[in-house]
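Okay, so here's the structure we're looking at.
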Amino acid sequence: MKYPVYSVTQVNEHVKSLLDMDTALSGLFVRGEVSNYKLYPSGHHYFSLKDPEGSLRCVMFRRDAMSLRFRPQNGMKVIAFGRVSVYPRDGAYQLYVSTMTPDGVGDLHAAFEALKARLEAEGLFDEAHKKELPRYPGRIALVTSPAGAAVRDMIRILGARWPMAEVYVVPCRVQGAEAPAEIAGAISWVNAQDAADLIITGRGGGSMEDLWCFNDEGVARAIYASRIPVISAVGHEPDVTIADYVADARASTPSNGAELAVPDQNEQYGALRHMTRRMGKAVERQLGESRARLERMGENRLLRDPMTWVEDRRMLLDRQQERLGYGLRALLERERRDAARLAASLDALSPLKVLGRGYTIAKGPRGIVGAVGDVEAGDELELRVSDGSIICEAKKKMKNEKGSRPVLPEGL
């Protein structure tokens with residue numbers, strides 16, 4: 001009896017098809033501790049999940065890993081969801097992970113969201129309360145663990161970027177049950193002693209449990225009450241804590257916190273050199289314009305012969321004087337003509353002229369006689385003629401009939 005002979009690939013493919021048809025293995029949650037974790041340049045994550053009795057190889061492809069909200073690390077306890085299948089090339093079965101969360105993150109996440117909502121409702125996250133970071137801080141306090149790699153990175157970056165600043169490490173624990181009280185106390189102490197112009201508080205990356213002290217309400221209120229601006233520099237880029245929301249500025253990492261805290265001295269020197277060049281060119285341009293203006297002024301006839309200006313003004317004065325004389329003479333002539341015309345008009349209206357033509361002006365006891373009613377019989381009248389006066393007495397008065405014309409002397 002002959003038995004069929006299979007190739008290795010056929011066996012692996014057969015086992016793979018059996019596993020793929022098993023509904024229990026097509027989607028399951030696995031709890032374990034991460035070990036042998038490696039992130040390849042392709043973006044794929046390779047690691048194992050283990051417990052005290054066994055180990056399971058795992059892979060998480062880049063498209064699924066992009067949704068991770070934390071950085072897996074060796075020793076981290078996680079819950080992974082995926083399917084179990086065989087990789088035919090090496091015949092080993094493994095868990096193809098599609099999602100993964102830190103073990104126990106559900107309770108922590110619920111506590112985080114509850115505290116976040118309450119503090120946000122109180123206004124601790126309001127932008128209006130956030131203080132502006134000093135542009136050139138002279139003293140910087142690092143509220144962090146003095147033994148971690150994060151503090152060394154911050155000191156190195158601060159020294160390289162802005163060595164003029166004095167950097168003080170205010171030691172405190174950044175992990176564990178005692179950490180929140182120490183962090184809040186350190187921030188309060190820096191404010192009470194007025195020991196810095198800027199505070200950076202934070203630590204390096206870790207699990208959500210490791211970073212939980214920066215989700216403490218006491219730490220949040222200490223940051224909010226700080227008179228000194230505070231930068232929160234906790235964990236890695238995906239890590240977000242309550243301290244990040246309350247702080248005046250949030251840094252993605254402790255190194256980034258140091259970069260936010262101070263300017264780069266090389267950039268400042270470059271800016272100063274650029275400004276120096278611009279100022280030099282501006283001064284040169286201004287000197288050139290002033291020199292050209294001075295040369296133009298030196299060519300001016302007035303500067304070469306100052307008396308020219310005086311002579312020009314004398315000539316202008318003579319012309320103005322001559323014009324003024326002409327104007328005054330013309331004005332006087334017009335006034336004379338007007339005076340003569342007015343005198344002639346007055347002379348024509350003179351009562352003496354009227355008397356010369358044979359008229360008489362009668363004056364009675366009640367003044368000039370202009371009508372019959374101004375005289376009574378027996379009144380003494382003074383008749384003014386061209387060469388004197390005649391005194392007479394009124395015998396009687398006669399009034400013209402209505403509509404008749406007075407009789408005029410002969411010759412008028």
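For the structure tokens, the naming scheme is as follows: chains receive sequential letters (A, B, ...) according to their order of presentation, residues are indexed from 1 within each chain, and ligands are indexed from 1 in presentation order.
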
* Run DSSP on the backbone of this structure and report the residues of range 3-152 of chain A it assigns to alpha helix (DSSP H), as a ChimeraX atom specification. => /A:8-21,62-65,105-122,149-152

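By chain and then residue number, the residues within 12 Å of range 62-64 of chain A are Leu39, Tyr40, Pro41, Ser42, Gly43, His44, His45, Tyr46, Arg69, Ala80, Phe81, Gly82, Tyr96, Val97, Ser98, Thr99 and Met100 of chain A, counting only C-alpha atoms and disregarding those fewer than 5 positions away in sequence.
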
* If we count only C-alpha atoms, what is near range 7-11 of chain A at a cut-off of 9 Å, once residues fewer than 5 positions away on the same chain are taken out, given as a VMD selection string? -> chain A and resid 16 88 to 89 91

* To do: Identify, on the basis of only C-alpha atoms, every residue whose closest approach to Glu166 in chain A does not exceed 10 Å; exclude the query and any residue fewer than 2 positions from it along the same chain; express the result as a ChimeraX atom specification.
  => /A:137-141,158-159,162-164,168,196-197

Export of prior selection with N, CA and C atoms as a tab-separated table (two decimals), in the first residue's frame:
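The result, stored in selection.tsv:
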```tsv
chain	number	residue	atom	x	y	z
A	137	PRO	N	14.03	82.94	29.04
A	137	PRO	CA	14.03	82.66	30.47
A	137	PRO	C	15.44	82.65	31.04
A	138	GLY	N	15.60	83.27	32.20
A	138	GLY	CA	16.91	83.28	32.85
A	138	GLY	C	17.11	82.11	33.79
A	139	ARG	N	15.98	81.60	34.38
A	139	ARG	CA	16.05	80.47	35.31
A	139	ARG	C	14.95	79.47	34.95
A	140	ILE	N	15.33	78.21	34.87
A	140	ILE	CA	14.38	77.16	34.50
A	140	ILE	C	14.44	76.07	35.55
A	141	ALA	N	13.29	75.68	36.09
A	141	ALA	CA	13.19	74.61	37.08
A	141	ALA	C	12.66	73.35	36.41
A	158	LEU	N	18.95	72.11	26.79
A	158	LEU	CA	18.90	73.49	27.28
A	158	LEU	C	20.29	74.12	27.23
A	159	GLY	N	21.31	73.33	27.59
A	159	GLY	CA	22.67	73.87	27.54
A	159	GLY	C	23.14	74.15	26.14
A	162	TRP	N	20.51	77.24	24.79
A	162	TRP	CA	20.50	78.53	25.48
A	162	TRP	C	21.32	78.43	26.77
A	163	PRO	N	22.65	78.40	26.66
A	163	PRO	CA	23.49	78.22	27.85
A	163	PRO	C	23.42	79.38	28.83
A	164	MET	N	22.83	80.50	28.44
A	164	MET	CA	22.71	81.64	29.34
A	164	MET	C	21.73	81.38	30.48
A	168	TYR	N	17.76	74.46	37.15
A	168	TYR	CA	17.70	73.83	38.47
A	168	TYR	C	16.82	72.59	38.37
A	196	ALA	N	12.25	80.40	39.73
A	196	ALA	CA	12.44	80.21	38.29
A	196	ALA	C	11.51	81.12	37.52
A	197	ASP	N	11.86	81.32	36.24
A	197	ASP	CA	10.99	82.04	35.30
A	197	ASP	C	10.09	81.08	34.53
```
